[in-house]
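Everything on this sheet refers to the single structure shown next.
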Protein chains: 2
Amino acid sequence: MLGSLFSPKNVAVIGASSKELSIGNRIIKNLVDFGFKGAIYPINPKSDTIRGIKAYNSILEVPETGGIDVVHLVIPAKFCPMAFEDCARMKVRHIIINSGGFSEVGPEGVEIEKKCMDIANKYGMRVMGPNCQGIINTDPDVRAYCNFTFTIPEPGYISLVVLSGGVAELIHQGVSEMGVGTRIYASNGNAVDVSIPEIIEYLGEDAPTRVIVTYVEGLRDAARFMRVARKVSKRKPILAMKAGRTREGAKAAASHTGGLAKEEKVTDLIFAKAGILSFADEGALIRAATAFASQPVPKGNRVGIITNTGGPAVISTDVLAADGLRIPPLGENTRKTLEQALLPEASVRNPVDVLATANGAHFRACLEAFMADDNFDLVYVNFVTPFFVDNENIAREIAAVSRRQEKPIVCNLMTDRRRMRAVEDILKDGGVPCFAFPSDAARAVSALVRYHAIQSRSAGKAVVFEDVDADAARRIVDTARKEGRMQLGAGEVNRLLECYGLPVPAWRIAETPEQAAAAAGDLGYPVVLKADAAGLVHKSDGGGVMLNLQDGKAVREAAADMRARIGIADMRFFVQKFHPPGLELIMGAKAEEPLGHVLMFGIGGIFVEVMKDVSFCLTPLSDAEADEMLSSIKGAPLLDGVRGGRGVDRAALSDTLLRLNQMVIDLPWITEMDMNPVTAYPDGVCVLDARISLSVVTAAGT
Amino acid sequence: MLGSLFSPKNVAVIGASSKELSIGNRIIKNLVDFGFKGAIYPINPKSDTIRGIKAYNSILEVPETGGIDVVHLVIPAKFCPMAFEDCARMKVRHIIINSGGFSEVGPEGVEIEKKCMDIANKYGMRVMGPNCQGIINTDPDVRAYCNFTFTIPEPGYISLVVLSGGVAELIHQGVSEMGVGTRIYASNGNAVDVSIPEIIEYLGEDAPTRVIVTYVEGLRDAARFMRVARKVSKRKPILAMKAGRTREGAKAAASHTGGLAKEEKVTDLIFAKAGILSFADEGALIRAATAFASQPVPKGNRVGIITNTGGPAVISTDVLAADGLRIPPLGENTRKTLEQALLPEASVRNPVDVLATANGAHFRACLEAFMADDNFDLVYVNFVTPFFVDNENIAREIAAVSRRQEKPIVCNLMTDRRRMRAVEDILKDGGVPCFAFPSDAARAVSALVRYHAIQSRSAGKAVVFEDVDADAARRIVDTARKEGRMQLGAGEVNRLLECYGLPVPAWRIAETPEQAAAAAGDLGYPVVLKADAAGLVHKSDGGGVMLNLQDGKAVREAAADMRARIGIADMRFFVQKFHPPGLELIMGAKAEEPLGHVLMFGIGGIFVEVMKDVSFCLTPLSDAEADEMLSSIKGAPLLDGVRGGRGVDRAALSDTLLRLNQMVIDLPWITEMDMNPVTAYPDGVCVLDARISLSVVTAAGT
């Protein structure tokens with residue numbers, strides 16, 4: 001669908017200008033300078049030629065009967081709808097609106113945007129922007145620089161798609177400055193039509209694109225983004241960064257996009273679930289992209305390190321180990337081989353210090369040993385260029401092994417880049433990613449391994465429990481919503497949980513203190529008594545909960561007292577069997593339109609409140625993800641038992657999370673719920689209290 | 001003392017060589033090429049000249065009667081002692097041994113090193129190295145490149161001192177590549193004589209050195225390092241990085257230094273106490289150094305942000321906010337001024353988006369507004385260079401304000417560095433540190449603010465309690481050590497704590513179960529009973545502790561039972577008043593020679609065991625540091641009370657830490673002790689159990 005946007009046969013620029021420092025001139029210049037392989041049509045009623053190319057008075061005069069692939073609009077917003085009509089007559093396929101003055105400036109702009117899109121939709125034209133940089137495609141058969149920026153890329157394998165023109169440029173410059181090529185660049189500004197997910201989908205199919213880089217401040221079409229990214233990330237790595245993580249950053253983002261960004265965690269959950277490699281640092285993201293652009297994906301996390309100087313290898317070892325990579329000792333055979341092949345004073349362990357006096361043959365021997373040894377998945381080379389060895393020869397040996405693409409090779413190159421380019425050029429020519437700092441190089445290695453881990457992780461299975469009564473559950477929710485209640489009563493909550501097989505203690509509803517005592521007798525002492533009335537939410541705050549009541553007298557007195565205190569005449573009583581103490585946990589769910597719900601898990605009390613030690617996952621939750629939620633909190637050892645204590649029933653906990661998952665998927669009207677505490681025992685769990693909030697019925701009746 | 005090492009008037013090279021690719025040739029070349037202002041004396045019996053400079057058969061023939069400031073030794077280790085003798089005859093002041101083959105290779109090397117040092121000490125010669133790179137001084141009046149590496153620095157204000165030659169080069173190259181100058185470079189390898197602290201002390205006095213950069217794998221002369229760094233860091237920033245933080249990294253470090261590094265936390269504590277800015281990333285360290293080299297230290301943490309593109313400012317805002325910096329809104333006056341001065345569509349808030357179309361005057365107006373506004377301490381500029389504005393003019397305006405050195409200015413420059421140098425050169429000429437990524441620039445800003453915070457923090461006061469009985473305490477320790485006991489008994493521990501006013505429950509020692517019951521009667525029930533015998537440490541493991549005994553019968557039975565179970569005939573009983581539960585805390589101390597002790601604080605149980613939530617500080621502890629120890633654990637809110645609970649007595653906790661501090665300072669023979677639990681109440685604390693280990697008496701009787 002976007003094929004002719006990214007590989008246009010012809011490009012017209014409405015608003016082409018002969019003024020050197022104008023955007024309408026720059027686009028022509030960029031197309032010409034970059035060697036665009038198609039036809040260029042400057043549209044300007046006042047000039048015959050622009051930059052030596054014949055200009056036309058109107059798009060209507062352009063001599064293309066088969067339609068025009070791309071038209072740039074570099075004219076004031078108010079003239080755009082008229083231009084859209086003209087484009088439709090000329091069978092234009094894609095319009096890139098570089099001009100601003102649309103939704104980002106307020107209501108008038110929104111209005112113009114809508115007018116344009118009405119025309120575009122009517123005639124099947126696609127729109128990139130408005131208020132955008134545009135696209136670049138470095139394909140030698142295309143060379144489309146449909147963009148008014150100034151960085152000139154080399155052809156390569158990194159594609160980037162970013163709303164923000166500033167950040168698109170930042171990444172573009174970063175890649176370019178590393179001397180690494182770009183494949184496709186897309187920056188779509190207000191993104192009124194052609195969207196980030198759509199472009200990612202396109203890049204997924206674009207064979208030369210080996211790695212996709214994106215940046216978001218707030219995801220717009222989150223559901224589609226998730227769907228596309230999950231699919232594409234299986235084929236090639238998607239590297240992403242989310243900004244606006246802090247309150248201050250989100251405010252800054254909202255100010256420049258017009259209020260879309262928010263300070264939230266859900267983007268991280270989307271990235272995680274979609275198999276996207278997430279970065280908190282744009283430099284690290286760019287460096288990782290250059291590694292993916294030229295190196296294979298490793299088959300594991302075991303790194304062999306070659307260095308010709310000691311200290312920097314220590315720095316990289318620290319970073320690799322902290323990132324969970326393994327630096328295994330050399331096997332017997334490899335050690336023997338290297339003792340023969342290297343200088344006598346070389347340090348034959350991992351890291352291998354070949355010494356500053358090592359030559360190309362020493363490096364080569366060491367690389368070959370790591371390639372041949374099944375105990376290593378990738379190789380990290382720290383290469384300083386002393387004046388007394390043939391550094392270009394060393395570089396040639398490293399490049400030769402890299403070209404075989406057997407296992408990834410990443411290099412920290414310590415040299416004087418301003419005076420000695422040859423060594424770096426030889427390495428880059430062999431596809432060896434070169435970095436200037438050991439930590440940076442190590443983090444690029446980590447990224448390769450992270451992608452391997454994502455690719456090889458089990459997504460787990462969906463679990464569907466058959467022993468649920470979805471219809472009864474639905475009726476409980478429907479009834480409450482029809483009655484305009486956004487909060488379920490204690491009895492409703494427990495019935496709902498029971499419908500999904502969630503373990504609750506035995507319970508009764510009673511109308512009077514006498515009935516409450518009778519119910520308690522049925523259940524067996526001790527019991528818990530809770531006030532149950534519409535609108536009564538934070539029960540414990542208002543004295544609405546009494547724990548561990550031991551006999552009928554205690555229940556009667558507590559109930560009478562409760563009614564008097566709360567003062568709601570038609571209040572009922574919720575009587576529940578008292579459960580012994582266990583490990584108190586919290587589980588919850590919060591609707592996150594349009595994706596589903598975010599599920600939450602944590603250990604109760606101070607762990608959640610003080611230590612903020614909680615894990616999250618987006619629905620639908622797989623069994624593997626449920627297990628991950630349990631394992632990824634810091635307090636996880638408590639689940640397995642510490643200080644000689646017994647652990648709790650992890651299988652039952654996982655089961656509880658998966659039932660919760662199924663419940664909120666079936667009942668999207670649940671806006672927010674928590675089960676707190678969920679008490680866990682060595683055998684089983686019990687939901688001792690829960691609250692469920694519902695969405696209001698809308699005018700449409702949903 | 002090191003003046004003539006770093007500013008030599010003459011340099012001789014013993015082992016100078018006419019072979020192009022030898023170290024003995026390279027040093028001559030470096031001295032010549034860099035324009036050394038003093039005399040150069042190549043020593044080589046086989047050549048008349050080296051690189052066109054007259055060579056001498058022997059150092060003894062050098063025509064210097066006033067002595068020689070620096071002699072390089074580039075000869076095999078075994079010939080070095082002889083060369084030392086010759087040097088002594090020529091009144092050499094400093095010998096830089098570039099050769100390896102000393103302590104890093106094993107016992108023979110150690111022997112040669114010792115021989116050399118004996119001669120050096122006898123004649124008052126100072127030694128740099130062996131196995132080292134050497135020094136560089138870029139002072140225009142000196143220009144001493146006494147080093148065999150290849151990176152050529154520009155004169156500047158950053159000085160670096162690093163044992164590891166590889167990392168010294170790494171930092172040197174990093175600074176150089178940023179186009180920033182270096183002042184002094186010192187890499188001392190095995191550091192047998194001239195040490196890192198000594199060089200830091202020298203650099204502290206060297207006025208043109210504005211910032212000192214160092215890197216360590218394991219600190220050797222930790223006490224001196226601490227003393228010097230505390231003094232120097234008050235005058236100028238010391239930026240440091242410690243590698244070998246992971247087990248794997250420490251192993252790698254040990255392998256290349258010969259076993260000095262260990263995986264430890266104490267270096268971080270030294271850095272913190274010495275006022276050193278610690279970095280975990282060498283790139284971040286180097287970038288911060290370039291900011292310190294040309295910008296003043298800010299007076300606070302309030303950043304004004306100027307940008308001419310939206311997205312990148314969001315990224316930097318995130319980093320600044322996450323690092324605890326403030327991005328305050330614009331004041332009324334500043335806002336009004338900028339609304340007048342900037343383009344109508346500019347976003348006049350903080351960040352200020354002056355727009356891509358902004359010119360130099362707009363940037364200037366914005367900079368002046370931030371300089372004039374007392375609500376801002378520094379300015380962050382994000383500057384993309386669009387083709388349609390006069391970027392050099394913008395750069396000139398920024399540089400002009402930077403030259404006034406009023407408030408720090410840091411710039412993220414988004415440009416095509418490979419094709420457009422002019423803008424960056426103008427900025428750098430004005431001392432504006434320029435970075436290629438917003439996060440990198442933001443972290444450099446953070447570093448400036450961190451140094452301000454260190455400079456302005458209160459070191460706190462030493463607290464000396466007068467109500468202690470140091471003599472009695474000393475006698476307890478002396479007695480145990482004389483008896484060869486490394487572990488104090490329960491009674492001794494409590495007496496020792498009492499000597500320092502540490503709050504323990506009332507207690508008695510009893511010989512028999514009957515006496516124990518009588519003692520319990522004196523103390524009042526309930527009581528705790530502990531077995532008390534030499535060598536009995538982990539009392540609770542062997543059933544040596546009974547809690548909450550309610551009457552005499554219970555005490556008698558428990559004591560009899562305990563004696564039978566433990567089976568030590570002369571066992572005594574420690575009876576202690578039972579204290580009600582409170583918040584359980586842990587405090588401890590561990591000897592860290594030669595610095596003193598590391599003190600530890602944490603909340604007991606899972607907080608320490610599962611969450612590893614503890615804080616540390618080196619003795620001597622000030623009142624401010626005690627407070628910091630309490631505040632810096634994640635669980636600190638528990639001290640103040642959460643979920644409606646009352647907090648505990650922080651003043652008493654601080655007091656307890658300070659008394660512990662005084663005790664271990666007075667009693668350096670305490671190798672390790674812990675007080676666990678220390679129970680804290682709303683009013684007061686109580687040390688319920690403690691263990692103290694002592695060092696053995698050495699042959700010297702200490």
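Following the order of the structure tokens, chains are lettered A, B, ..., residues in each are numbered from 1, and ligands are numbered from 1.
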Next on the checklist: Can you tell me which residues surround Asp374 (chain A) at a distance of at most 12 Å, considering only C-alpha atoms, apart from same-chain residues fewer than 3 positions away, and format the answer as number ranges by chain?
Outcome noted: A: 299-304, 328, 330-331, 333-334, 368-371, 377-378, 406-407
Item to check | Contacts of His452 (chain B) within 7 Å, only C-alpha atoms, excl. fewer than 2 positions in-chain, as an MDAnalysis selection string | outcome: chainID B and resid 297:300 448:450 454:456
Same residues, N, CA, C and O atoms, saved as a short mmCIF file (atom, residue, chain, number, x, y, z; two decimals), in the first residue's frame:
data_model
loop_
_atom_site.label_atom_id
_atom_site.label_comp_id
_atom_site.auth_asym_id
_atom_site.auth_seq_id
_atom_site.Cartn_x
_atom_site.Cartn_y
_atom_site.Cartn_z
N VAL B 297 30.55 26.56 38.08
CA VAL B 297 29.69 25.66 38.87
C VAL B 297 28.38 26.40 39.16
O VAL B 297 28.41 27.56 39.55
N PRO B 298 27.25 25.74 38.93
CA PRO B 298 25.97 26.43 39.16
C PRO B 298 25.73 26.66 40.65
O PRO B 298 26.32 26.00 41.49
N LYS B 299 24.82 27.55 40.95
CA LYS B 299 24.51 27.86 42.35
C LYS B 299 23.26 27.14 42.82
O LYS B 299 22.76 27.39 43.92
N GLY B 300 22.71 26.28 41.98
CA GLY B 300 21.50 25.55 42.36
C GLY B 300 21.15 24.57 41.27
O GLY B 300 21.97 24.29 40.39
N LEU B 448 27.23 18.89 36.80
CA LEU B 448 27.54 20.22 37.33
C LEU B 448 26.74 20.46 38.61
O LEU B 448 27.26 20.96 39.61
N VAL B 449 25.47 20.09 38.57
CA VAL B 449 24.61 20.32 39.73
C VAL B 449 25.01 19.42 40.89
O VAL B 449 24.99 19.84 42.06
N ARG B 450 25.42 18.20 40.58
CA ARG B 450 25.86 17.29 41.64
C ARG B 450 27.05 17.87 42.38
O ARG B 450 27.15 17.76 43.60
N ILE B 454 27.42 18.78 46.34
CA ILE B 454 28.50 18.30 47.21
C ILE B 454 29.17 19.48 47.90
O ILE B 454 29.44 19.45 49.10
N GLN B 455 29.43 20.53 47.13
CA GLN B 455 30.10 21.69 47.71
C GLN B 455 29.26 22.35 48.79
O GLN B 455 29.79 22.90 49.75
N SER B 456 27.94 22.35 48.58
CA SER B 456 27.12 23.10 49.52
C SER B 456 26.51 22.23 50.61
O SER B 456 25.84 22.74 51.49
#
Next on the checklist: Residues of chain A within 6 Å of chain B, counting only C-alpha atoms, what are they? List them as JSON, numbers by chain.
Outcome noted: {"A": [21, 151, 164, 166, 167, 243, 246, 249, 252, 253, 256, 309, 310, 311, 312, 314, 315, 317, 318, 388, 416]}
Filtering to N, CA, C and O atoms, could you give me those residues as a PDB file, in the first residue's frame?
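Output file again_5.pdb follows:
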ATOM      1  N   LEU A  21      16.711  29.771   0.657  1.00  0.00           N
ATOM      2  CA  LEU A  21      16.521  29.320   2.042  1.00  0.00           C
ATOM      3  C   LEU A  21      15.063  28.981   2.374  1.00  0.00           C
ATOM      4  O   LEU A  21      14.612  29.175   3.492  1.00  0.00           O
ATOM      5  N   THR A 151      20.752  16.382   6.705  1.00  0.00           N
ATOM      6  CA  THR A 151      21.692  15.282   6.879  1.00  0.00           C
ATOM      7  C   THR A 151      21.604  14.334   5.686  1.00  0.00           C
ATOM      8  O   THR A 151      20.514  13.927   5.295  1.00  0.00           O
ATOM      9  N   SER A 164       7.985  12.856  15.664  1.00  0.00           N
ATOM     10  CA  SER A 164       8.699  14.115  15.887  1.00  0.00           C
ATOM     11  C   SER A 164       9.815  14.309  14.875  1.00  0.00           C
ATOM     12  O   SER A 164      10.734  13.494  14.777  1.00  0.00           O
ATOM     13  N   GLY A 166      12.137  16.546  15.007  1.00  0.00           N
ATOM     14  CA  GLY A 166      13.384  16.809  15.721  1.00  0.00           C
ATOM     15  C   GLY A 166      14.080  15.521  16.122  1.00  0.00           C
ATOM     16  O   GLY A 166      15.295  15.371  15.952  1.00  0.00           O
ATOM     17  N   VAL A 167      13.326  14.575  16.636  1.00  0.00           N
ATOM     18  CA  VAL A 167      13.940  13.329  17.083  1.00  0.00           C
ATOM     19  C   VAL A 167      14.307  12.459  15.880  1.00  0.00           C
ATOM     20  O   VAL A 167      15.316  11.752  15.898  1.00  0.00           O
ATOM     21  N   ALA A 243       9.715   8.746  25.375  1.00  0.00           N
ATOM     22  CA  ALA A 243      10.064   9.919  26.181  1.00  0.00           C
ATOM     23  C   ALA A 243       8.804  10.463  26.839  1.00  0.00           C
ATOM     24  O   ALA A 243       7.696  10.037  26.527  1.00  0.00           O
ATOM     25  N   THR A 246       8.911  11.271  32.820  1.00  0.00           N
ATOM     26  CA  THR A 246       8.744  11.983  34.082  1.00  0.00           C
ATOM     27  C   THR A 246       7.564  12.943  33.932  1.00  0.00           C
ATOM     28  O   THR A 246       7.129  13.238  32.820  1.00  0.00           O
ATOM     29  N   GLY A 249       8.781  15.758  31.871  1.00  0.00           N
ATOM     30  CA  GLY A 249       8.955  15.376  30.468  1.00  0.00           C
ATOM     31  C   GLY A 249       7.612  15.249  29.770  1.00  0.00           C
ATOM     32  O   GLY A 249       7.444  15.691  28.627  1.00  0.00           O
ATOM     33  N   ALA A 252       6.357  18.646  28.971  1.00  0.00           N
ATOM     34  CA  ALA A 252       7.046  19.212  27.810  1.00  0.00           C
ATOM     35  C   ALA A 252       6.518  18.576  26.530  1.00  0.00           C
ATOM     36  O   ALA A 252       6.324  19.256  25.520  1.00  0.00           O
ATOM     37  N   ALA A 253       6.267  17.263  26.575  1.00  0.00           N
ATOM     38  CA  ALA A 253       5.776  16.572  25.384  1.00  0.00           C
ATOM     39  C   ALA A 253       4.375  17.064  25.038  1.00  0.00           C
ATOM     40  O   ALA A 253       4.064  17.341  23.875  1.00  0.00           O
ATOM     41  N   HIS A 256       4.410  20.339  23.159  1.00  0.00           N
ATOM     42  CA  HIS A 256       4.778  20.461  21.748  1.00  0.00           C
ATOM     43  C   HIS A 256       3.932  19.599  20.810  1.00  0.00           C
ATOM     44  O   HIS A 256       3.927  19.810  19.609  1.00  0.00           O
ATOM     45  N   THR A 309      44.496  -4.484  25.611  1.00  0.00           N
ATOM     46  CA  THR A 309      44.840  -3.628  26.748  1.00  0.00           C
ATOM     47  C   THR A 309      43.926  -3.955  27.909  1.00  0.00           C
ATOM     48  O   THR A 309      42.745  -4.236  27.705  1.00  0.00           O
ATOM     49  N   GLY A 310      44.452  -3.942  29.131  1.00  0.00           N
ATOM     50  CA  GLY A 310      43.730  -4.518  30.267  1.00  0.00           C
ATOM     51  C   GLY A 310      42.503  -3.763  30.749  1.00  0.00           C
ATOM     52  O   GLY A 310      41.380  -4.289  30.725  1.00  0.00           O
ATOM     53  N   GLY A 311      42.700  -2.518  31.199  1.00  0.00           N
ATOM     54  CA  GLY A 311      41.641  -1.775  31.881  1.00  0.00           C
ATOM     55  C   GLY A 311      40.311  -1.710  31.144  1.00  0.00           C
ATOM     56  O   GLY A 311      39.261  -2.022  31.720  1.00  0.00           O
ATOM     57  N   PRO A 312      40.324  -1.324  29.869  1.00  0.00           N
ATOM     58  CA  PRO A 312      39.043  -1.195  29.164  1.00  0.00           C
ATOM     59  C   PRO A 312      38.250  -2.504  29.132  1.00  0.00           C
ATOM     60  O   PRO A 312      37.011  -2.481  29.130  1.00  0.00           O
ATOM     61  N   VAL A 314      38.084  -4.564  31.550  1.00  0.00           N
ATOM     62  CA  VAL A 314      37.424  -4.657  32.854  1.00  0.00           C
ATOM     63  C   VAL A 314      36.107  -3.879  32.818  1.00  0.00           C
ATOM     64  O   VAL A 314      35.061  -4.346  33.290  1.00  0.00           O
ATOM     65  N   ILE A 315      36.161  -2.696  32.216  1.00  0.00           N
ATOM     66  CA  ILE A 315      34.950  -1.871  32.124  1.00  0.00           C
ATOM     67  C   ILE A 315      33.863  -2.617  31.354  1.00  0.00           C
ATOM     68  O   ILE A 315      32.711  -2.689  31.776  1.00  0.00           O
ATOM     69  N   THR A 317      33.592  -5.828  30.810  1.00  0.00           N
ATOM     70  CA  THR A 317      33.172  -7.012  31.561  1.00  0.00           C
ATOM     71  C   THR A 317      32.124  -6.642  32.602  1.00  0.00           C
ATOM     72  O   THR A 317      31.113  -7.320  32.758  1.00  0.00           O
ATOM     73  N   ASP A 318      32.352  -5.537  33.288  1.00  0.00           N
ATOM     74  CA  ASP A 318      31.364  -5.077  34.269  1.00  0.00           C
ATOM     75  C   ASP A 318      29.991  -4.875  33.641  1.00  0.00           C
ATOM     76  O   ASP A 318      28.974  -5.316  34.187  1.00  0.00           O
ATOM     77  N   PHE A 388      53.113   0.754  17.248  1.00  0.00           N
ATOM     78  CA  PHE A 388      54.182  -0.185  16.895  1.00  0.00           C
ATOM     79  C   PHE A 388      53.706  -1.487  16.274  1.00  0.00           C
ATOM     80  O   PHE A 388      54.482  -2.410  16.105  1.00  0.00           O
ATOM     81  N   ASP A 416      42.767   7.339  17.443  1.00  0.00           N
ATOM     82  CA  ASP A 416      42.618   8.776  17.264  1.00  0.00           C
ATOM     83  C   ASP A 416      41.801   8.973  15.993  1.00  0.00           C
ATOM     84  O   ASP A 416      42.334   8.996  14.895  1.00  0.00           O
TER      85      ASP A 416
END
Next on the checklist: Among region 104-337 of chain B, which residues does DSSP mark as strand (DSSP E) when it is run on the backbone? Keep the chain and numbering as in the structure and answer as a PyMOL selection string.
Outcome noted: chain B and resi 126-128+134-137+144-147+155-162+182-187+211-216+238-242+277-279+303-307
Checklist entry - Any idea what's packed within 7 Å of Gly15 (chain A), counting only C-alpha atoms, ignoring anything in its chain fewer than 4 positions away? Could you give it as a list in words? => result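 Answer for this query is Gly24, Ile43, Asn44, Leu73, Val74 and Ile75 of chain A.
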Please produce a file of those selected residues containing C-alpha atoms, as a PDB file, in the first residue's frame.
ATOM      1  CA  GLY A  24       9.993  24.657  -1.206  1.00  0.00           C
ATOM      2  CA  ILE A  43       4.928  23.700  -9.088  1.00  0.00           C
ATOM      3  CA  ASN A  44       5.242  27.483  -9.016  1.00  0.00           C
ATOM      4  CA  LEU A  73       2.505  20.580  -0.082  1.00  0.00           C
ATOM      5  CA  VAL A  74       4.661  23.493   1.050  1.00  0.00           C
ATOM      6  CA  ILE A  75       1.910  26.095   1.018  1.00  0.00           C
TER       7      ILE A  75
END
Item to check | Val528 (chain A) environment, 8 Å, only C-alpha atoms, sequence neighbours closer than 2 positions dropped, as a VMD selection string | outcome: chain A and resid 526 530 545 to 549 575 to 578
Those residues with N, CA, C and O atoms, as a short mmCIF file (atom, residue, chain, number, x, y, z; two decimals), in the first residue's frame please?
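To be explicit, this is the file written out as result_27.cif:
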data_model
loop_
_atom_site.label_atom_id
_atom_site.label_comp_id
_atom_site.auth_asym_id
_atom_site.auth_seq_id
_atom_site.Cartn_x
_atom_site.Cartn_y
_atom_site.Cartn_z
N PRO A 526 -14.13 -18.38 63.91
CA PRO A 526 -14.44 -16.95 63.92
C PRO A 526 -14.90 -16.46 62.53
O PRO A 526 -14.65 -17.12 61.54
N LYS A 530 -18.74 -7.40 57.53
CA LYS A 530 -18.53 -6.17 56.76
C LYS A 530 -19.88 -5.52 56.48
O LYS A 530 -20.88 -6.20 56.26
N VAL A 545 -15.68 -2.74 58.90
CA VAL A 545 -15.16 -4.11 58.89
C VAL A 545 -14.78 -4.50 60.32
O VAL A 545 -14.11 -3.74 61.02
N MET A 546 -15.23 -5.66 60.76
CA MET A 546 -14.80 -6.20 62.04
C MET A 546 -14.22 -7.59 61.80
O MET A 546 -14.89 -8.46 61.25
N LEU A 547 -12.97 -7.78 62.24
CA LEU A 547 -12.28 -9.04 61.98
C LEU A 547 -12.40 -9.98 63.17
O LEU A 547 -12.59 -9.53 64.31
N ASN A 548 -12.30 -11.25 62.93
CA ASN A 548 -12.06 -12.24 63.98
C ASN A 548 -13.09 -12.20 65.12
O ASN A 548 -12.73 -12.21 66.29
N LEU A 549 -14.38 -12.15 64.75
CA LEU A 549 -15.42 -12.20 65.77
C LEU A 549 -15.61 -13.66 66.19
O LEU A 549 -15.71 -14.55 65.35
N VAL A 575 -21.20 -11.43 55.95
CA VAL A 575 -20.52 -12.25 56.96
C VAL A 575 -19.62 -13.24 56.23
O VAL A 575 -20.06 -13.90 55.29
N GLN A 576 -18.40 -13.32 56.65
CA GLN A 576 -17.42 -14.13 55.91
C GLN A 576 -16.59 -14.92 56.90
O GLN A 576 -16.22 -14.43 57.96
N LYS A 577 -16.30 -16.15 56.56
CA LYS A 577 -15.48 -16.97 57.43
C LYS A 577 -14.10 -16.33 57.56
O LYS A 577 -13.52 -15.88 56.58
N PHE A 578 -13.64 -16.28 58.82
CA PHE A 578 -12.32 -15.68 59.06
C PHE A 578 -11.22 -16.65 58.63
O PHE A 578 -11.26 -17.83 58.98
#
Item to check | Within 12 Å of Ile59 (chain B) using only C-alpha atoms, minus same-chain residues under 4 positions, as a VMD selection string | outcome: chain B and resid 11 to 16 40 to 45 55 63 to 65 67 to 68 70 to 73 82 to 92
Next on the checklist: Neighbouring residues of Ala558 (chain A) were defined as those with any atom within 9 Å, considering only C-alpha atoms; residues of the same chain fewer than 4 positions away were excluded. Please report them as number ranges by chain.
Outcome noted: A: 513, 529, 546, 549, 553-554, 562-563
Item to check | helix (DSSP H, G or I) positions in region 340-512 of chain B, given as number ranges by chain | outcome: B: 340-341, 360-372, 391-403, 422-429, 438-456, 470-482, 490-499
Checklist entry - Taking into account only C-alpha atoms, which residue in the set B:His579, B:Lys482, B:His597, B:Arg230 is nearest to Pro677 (chain B)? => result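 Result for the nearest residue to Pro677 (chain B): B:His579.
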Item to check | Nearest-residue call for Gly491 (chain B), choices B:Ala560, B:Met600, B:Ala533, B:Ala470, using only C-alpha atoms | outcome: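 Of all the options, B:Ala533 lies closest to Gly491 (chain B).
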Next on the checklist: What's around Ala680 (chain B) at 6 Å? Count only C-alpha atoms, leave out sequence neighbours fewer than 4 positions away in its own chain, and write the answer as a PyMOL selection string.
Outcome noted: chain B and resi 582-583+648+685
